[in-house]
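As provided, coords03.cif (mmCIF, C-alpha atoms and all ligand atoms) reads as follows.
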```cif
data_query
#
loop_
_atom_site.label_atom_id
_atom_site.label_comp_id
_atom_site.auth_asym_id
_atom_site.auth_seq_id
_atom_site.Cartn_x
_atom_site.Cartn_y
_atom_site.Cartn_z
CA MET A 20 -9.71 29.80 2.22
CA GLU A 21 -12.84 27.84 1.26
CA LYS A 22 -13.06 24.47 2.98
CA GLU A 23 -12.64 21.53 0.54
CA LYS A 24 -15.95 19.85 -0.27
CA VAL A 25 -14.33 16.40 -0.44
CA ARG A 26 -11.78 15.67 2.29
CA ILE A 27 -9.50 12.64 2.60
CA ILE A 28 -9.49 11.75 6.27
CA SER A 29 -7.39 8.64 5.90
CA PRO A 30 -5.43 8.02 2.65
CA CYS A 31 -5.46 5.07 0.26
CA ALA A 32 -3.08 2.31 1.43
CA LYS A 33 -2.64 1.09 -2.19
CA CYS A 34 -3.75 -2.43 -1.29
CA GLY A 35 -5.64 -2.80 -4.60
CA LEU A 36 -8.62 -4.43 -2.91
CA CYS A 37 -11.07 -2.01 -4.53
CA CYS A 38 -9.97 -3.28 -7.95
CA ILE A 39 -10.74 -6.96 -7.23
CA GLU A 40 -14.12 -8.62 -7.79
CA LYS A 41 -15.73 -5.28 -8.60
CA ASN A 42 -17.79 -4.45 -11.63
CA VAL A 43 -16.40 -1.30 -13.21
CA PHE A 44 -18.99 0.26 -15.49
CA ILE A 45 -17.66 2.63 -18.12
CA THR A 46 -19.23 4.97 -20.63
CA VAL A 47 -18.51 5.09 -24.35
CA GLU A 48 -16.37 8.19 -23.78
CA GLU A 49 -14.32 6.34 -21.16
CA LEU A 50 -14.00 3.36 -23.52
CA ARG A 51 -12.59 5.70 -26.17
CA ARG A 52 -10.14 7.36 -23.77
CA ILE A 53 -8.83 4.02 -22.46
CA LYS A 54 -8.41 2.64 -25.96
CA GLU A 55 -6.51 5.75 -27.08
CA TYR A 56 -4.32 5.70 -23.99
CA THR A 57 -3.44 2.00 -24.01
CA GLY A 58 -3.52 1.30 -27.74
CA MET A 59 -5.35 -1.94 -26.92
CA ASP A 60 -8.29 -3.31 -28.89
CA ILE A 61 -11.50 -2.80 -26.94
CA ASP A 62 -12.27 -6.52 -26.76
CA GLU A 63 -8.98 -6.97 -24.87
CA PHE A 64 -10.15 -4.81 -21.96
CA ALA A 65 -13.92 -4.36 -22.14
CA GLU A 66 -17.08 -6.42 -22.38
CA VAL A 67 -20.14 -4.95 -24.05
CA TYR A 68 -23.58 -6.27 -23.08
CA TYR A 69 -26.68 -5.45 -25.08
CA SER A 70 -29.71 -6.43 -23.02
CA PRO A 71 -33.04 -7.43 -24.58
CA LEU A 72 -34.46 -4.29 -22.95
CA GLY A 73 -32.09 -2.26 -25.10
CA VAL A 74 -29.58 -1.21 -22.46
CA VAL A 75 -25.95 -1.12 -23.52
CA THR A 76 -23.59 -1.80 -20.63
CA ILE A 77 -19.81 -1.71 -20.87
CA LEU A 78 -17.68 -3.33 -18.17
CA LEU A 79 -13.91 -3.49 -17.73
CA LYS A 80 -12.63 -7.06 -17.99
CA LYS A 81 -11.15 -8.97 -15.07
CA ASP A 82 -8.34 -11.51 -15.11
CA GLU A 83 -8.70 -15.14 -13.98
CA TYR A 84 -8.31 -14.05 -10.34
CA GLY A 85 -11.10 -11.48 -10.57
CA ARG A 86 -8.71 -8.51 -10.67
CA CYS A 87 -9.37 -5.59 -12.98
CA ILE A 88 -7.28 -6.11 -16.08
CA PHE A 89 -5.53 -2.78 -15.45
CA LEU A 90 -4.40 -3.57 -11.91
CA LYS A 91 -0.60 -3.99 -11.99
CA ASN A 92 1.44 -4.48 -8.79
CA SER A 93 -1.53 -3.22 -6.75
CA LEU A 94 -1.63 0.02 -8.75
CA CYS A 95 -3.89 1.27 -11.51
CA SER A 96 -1.93 1.22 -14.78
CA ILE A 97 -4.35 3.64 -16.45
CA HIS A 98 -4.44 6.19 -13.63
CA GLU A 99 -4.54 9.18 -16.05
CA VAL A 100 -7.69 7.91 -17.79
CA LYS A 101 -9.31 5.79 -15.08
CA PRO A 102 -13.13 5.76 -15.19
CA PHE A 103 -15.23 8.18 -13.13
CA GLN A 104 -16.34 5.29 -10.89
CA CYS A 105 -12.69 4.65 -9.93
CA LYS A 106 -11.70 8.32 -9.66
CA THR A 107 -14.32 9.12 -7.05
CA TYR A 108 -14.14 5.84 -5.07
CA PRO A 109 -14.89 5.26 -2.19
CA VAL A 110 -17.45 8.03 -2.72
CA ILE A 111 -20.13 6.76 -5.07
CA TYR A 112 -22.36 9.55 -6.32
CA SER A 113 -25.58 7.59 -6.30
CA PRO A 114 -28.73 7.82 -4.19
CA MET A 115 -28.62 3.99 -4.00
CA ILE A 116 -25.37 3.86 -1.99
CA ALA A 117 -25.40 4.65 1.69
CA PRO A 118 -22.39 6.31 3.34
CA VAL A 119 -21.03 4.57 6.46
CA GLU A 120 -21.74 7.58 8.60
CA VAL A 121 -24.02 10.57 8.33
CA ARG A 122 -23.24 13.60 10.44
CA GLU A 123 -24.76 17.02 10.24
CA GLY A 124 -24.07 18.19 6.69
CA VAL A 125 -21.40 15.54 6.09
CA TYR A 126 -21.36 12.02 4.63
CA VAL A 127 -18.48 9.65 5.35
CA PHE A 128 -17.42 6.88 2.96
CA ARG A 129 -14.93 4.09 3.56
CA CYS A 130 -13.20 1.89 0.94
CA ALA A 131 -13.42 -1.93 0.69
CA SER A 132 -10.41 -2.49 2.99
CA GLY A 133 -11.46 0.22 5.43
CA ASN A 134 -8.15 2.06 5.03
CA MET A 135 -9.35 5.03 3.02
CA VAL A 136 -11.91 7.33 4.58
CA VAL A 137 -13.41 10.27 2.72
CA GLU A 138 -15.77 12.93 3.98
CA VAL A 139 -18.07 14.79 1.58
CA ASP A 140 -20.24 17.81 2.27
CA ALA A 141 -23.84 16.64 1.94
CA ASP A 142 -24.88 19.54 -0.34
CA TYR A 143 -21.99 18.84 -2.67
CA PHE A 144 -22.78 15.10 -2.62
CA TRP A 145 -26.35 15.75 -3.79
CA GLU A 146 -25.26 18.31 -6.41
CA GLU A 147 -22.82 15.77 -7.89
CA THR A 148 -25.31 12.90 -7.59
CA LYS A 149 -27.92 14.88 -9.53
CA ARG A 150 -25.35 15.87 -12.16
CA ARG A 151 -24.19 12.24 -12.55
CA THR A 152 -27.76 10.92 -12.64
CA ARG A 153 -28.73 13.45 -15.35
CA TYR A 154 -25.68 12.42 -17.36
CA LEU A 155 -26.54 8.71 -17.07
CA VAL A 156 -30.21 9.26 -17.90
CA ASN A 157 -29.20 11.17 -21.06
CA TYR A 158 -26.66 8.50 -21.89
CA TYR A 159 -29.04 5.55 -21.53
CA SER A 160 -31.98 7.30 -23.21
CA ARG A 161 -30.07 7.40 -26.49
CA PRO A 162 -31.14 4.66 -28.91
CA PRO A 163 -29.00 1.60 -28.06
CA GLU A 164 -28.20 1.06 -31.76
CA GLU A 165 -26.59 4.50 -31.78
CA ILE A 166 -24.39 3.57 -28.80
CA ILE A 167 -23.43 0.27 -30.44
CA ARG A 168 -22.52 2.10 -33.69
CA GLU A 169 -20.34 4.48 -31.68
CA ILE A 170 -18.62 1.55 -29.97
CA GLU A 171 -18.00 -0.02 -33.38
CA ARG A 172 -16.50 3.25 -34.67
CA ILE A 173 -14.17 3.37 -31.64
CA ALA A 174 -13.25 -0.29 -32.14
CA SER A 175 -12.25 0.29 -35.76
CA ALA A 176 -10.35 3.55 -35.14
CA GLY A 177 -6.57 3.48 -34.69
CA ALA A 178 -5.04 4.42 -31.33
CA ARG A 179 -3.72 8.00 -31.21
CA HIS A 180 -1.58 7.78 -28.08
CA GLY A 181 -0.76 4.09 -27.93
CA LYS A 182 0.94 2.92 -24.75
CA ASP A 183 1.72 -0.68 -23.97
CA ASN A 184 0.19 -1.68 -20.65
CA ARG A 185 0.34 -5.39 -21.11
S1 LIG B 201 -9.38 1.00 -13.81
FE1 LIG B 201 -7.72 1.21 -12.34
S2 LIG B 201 -8.70 2.00 -10.47
FE2 LIG B 201 -10.34 1.19 -11.77
S3 LIG B 201 -10.66 -0.92 -11.08
FE3 LIG B 201 -9.18 -0.98 -12.77
S4 LIG B 201 -7.14 -0.90 -11.81
FE4 LIG B 201 -8.65 -0.25 -10.29
#
```

Here is the file; what I need is its structure written in the form of structure tokens.
Amino acid sequence: MEKEKVRIISPCAKCGLCCIEKNVFITVEELRRIKEYTGMDIDEFAEVYYSPLGVVTILLKKDEYGRCIFLKNSLCSIHEVKPFQCKTYPVIYSPMIAPVEVREGVYVFRCASGNMVVEVDADYFWEETKRRTRYLVNYYSRPPEEIIREIERIASAGARHGKDNR
């Protein structure tokens, strides 16, 4: 059997630490999925920034204690539609983030609490990093007005699979 490219060496202890005081960046597609899943209005869970340089950034909101708004009893309440950034954590597919350990052909990542340890084959890491980078470059090279219009369309659309998470 082919060896897994991403291996969990030590599992998540469900402490919720990775969901506190972190900026979770989401795409328009993720914004749409979360809105449809929760039935919430987007301004209840997301903040949209439009920089003077024309970059549209969408962040999940935090509560008054700095916890992600979707963190409930130390668990993610939108697990089925959680953003890519959360799904892959503690591996971050970015050339800007250094793994804690580099061995021959393998990168090792550790979560904020140190409980969860994940090993990724280096070739796979770079394949995924290039794929993610291409996706983000395409995403951010769209005219920002177009992205804002899309966000407005999502904001005004009704929820299809409303679920109360509050
Ligand atoms: S979306 Fe879920 S996994 Fe991601 S930070 Fe929020 S609670 Fe944590």

Inset, instruction - Could you give me, as a ChimeraX atom specification, every polymer residue with an atom at most 12 Å away from an atom of ligand LIG 201 (chain B), counting only C-alpha atoms and all ligand atoms? - result: /A:31,33-45,49-50,52-53,57,64-65,78-82,85-109,184

Legend entry - Between CA of Val125 (chain A) and CA of Ala141 (chain A) - distance in Å to one decimal: 4.9 Å

Edge lengths and centre in Å to one decimal, as JSON, is what I'm after for the box along x, y and z that holds all listed atoms of region 128-131 of chain A once 4 Å is added on each side.
```
{"center_x": -15.3, "center_y": 2.5, "center_z": 2.1, "size_x": 12.2, "size_y": 16.8, "size_z": 10.9}
```

Inset, instruction - Do a neighbour search on Ala174 (chain A) at 9 Å with only C-alpha atoms, toss out local chain neighbours closer than 3 positions, and write the hits as an NGL selection string. - result: :A and (51 or 54 or 60-62 or 169-171 or 177)

Inset, instruction - Considering all atoms listed in the file, state which residue in the set A:Tyr112, A:Ile173, A:Ala131, A:Ile167 is at the smallest distance from Thr152 (chain A). - result: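 The answer is A:Tyr112, which sits nearest to Thr152 (chain A).
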
Inset, instruction - Kindly give the distance, in Å, that separates CA of Arg172 (chain A) and CA of Tyr159 (chain A), rounded to a single decimal. - result: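 These atoms are spaced 18.3 Å apart.
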
Legend entry - CA of Arg161 (chain A) to CA of Met59 (chain A), straight-line distance in Å: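 So the two atoms, CA of Met59 (chain A) and CA of Arg161 (chain A), lie 26.4 Å apart.
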
Inset, instruction - Have a look at A:Ala117, A:Ile166, A:Val110, A:Leu72 and name the one nearest to Val139 (chain A); count only C-alpha atoms. - result: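 Closest to Val139 (chain A) of all the choices is A:Val110.
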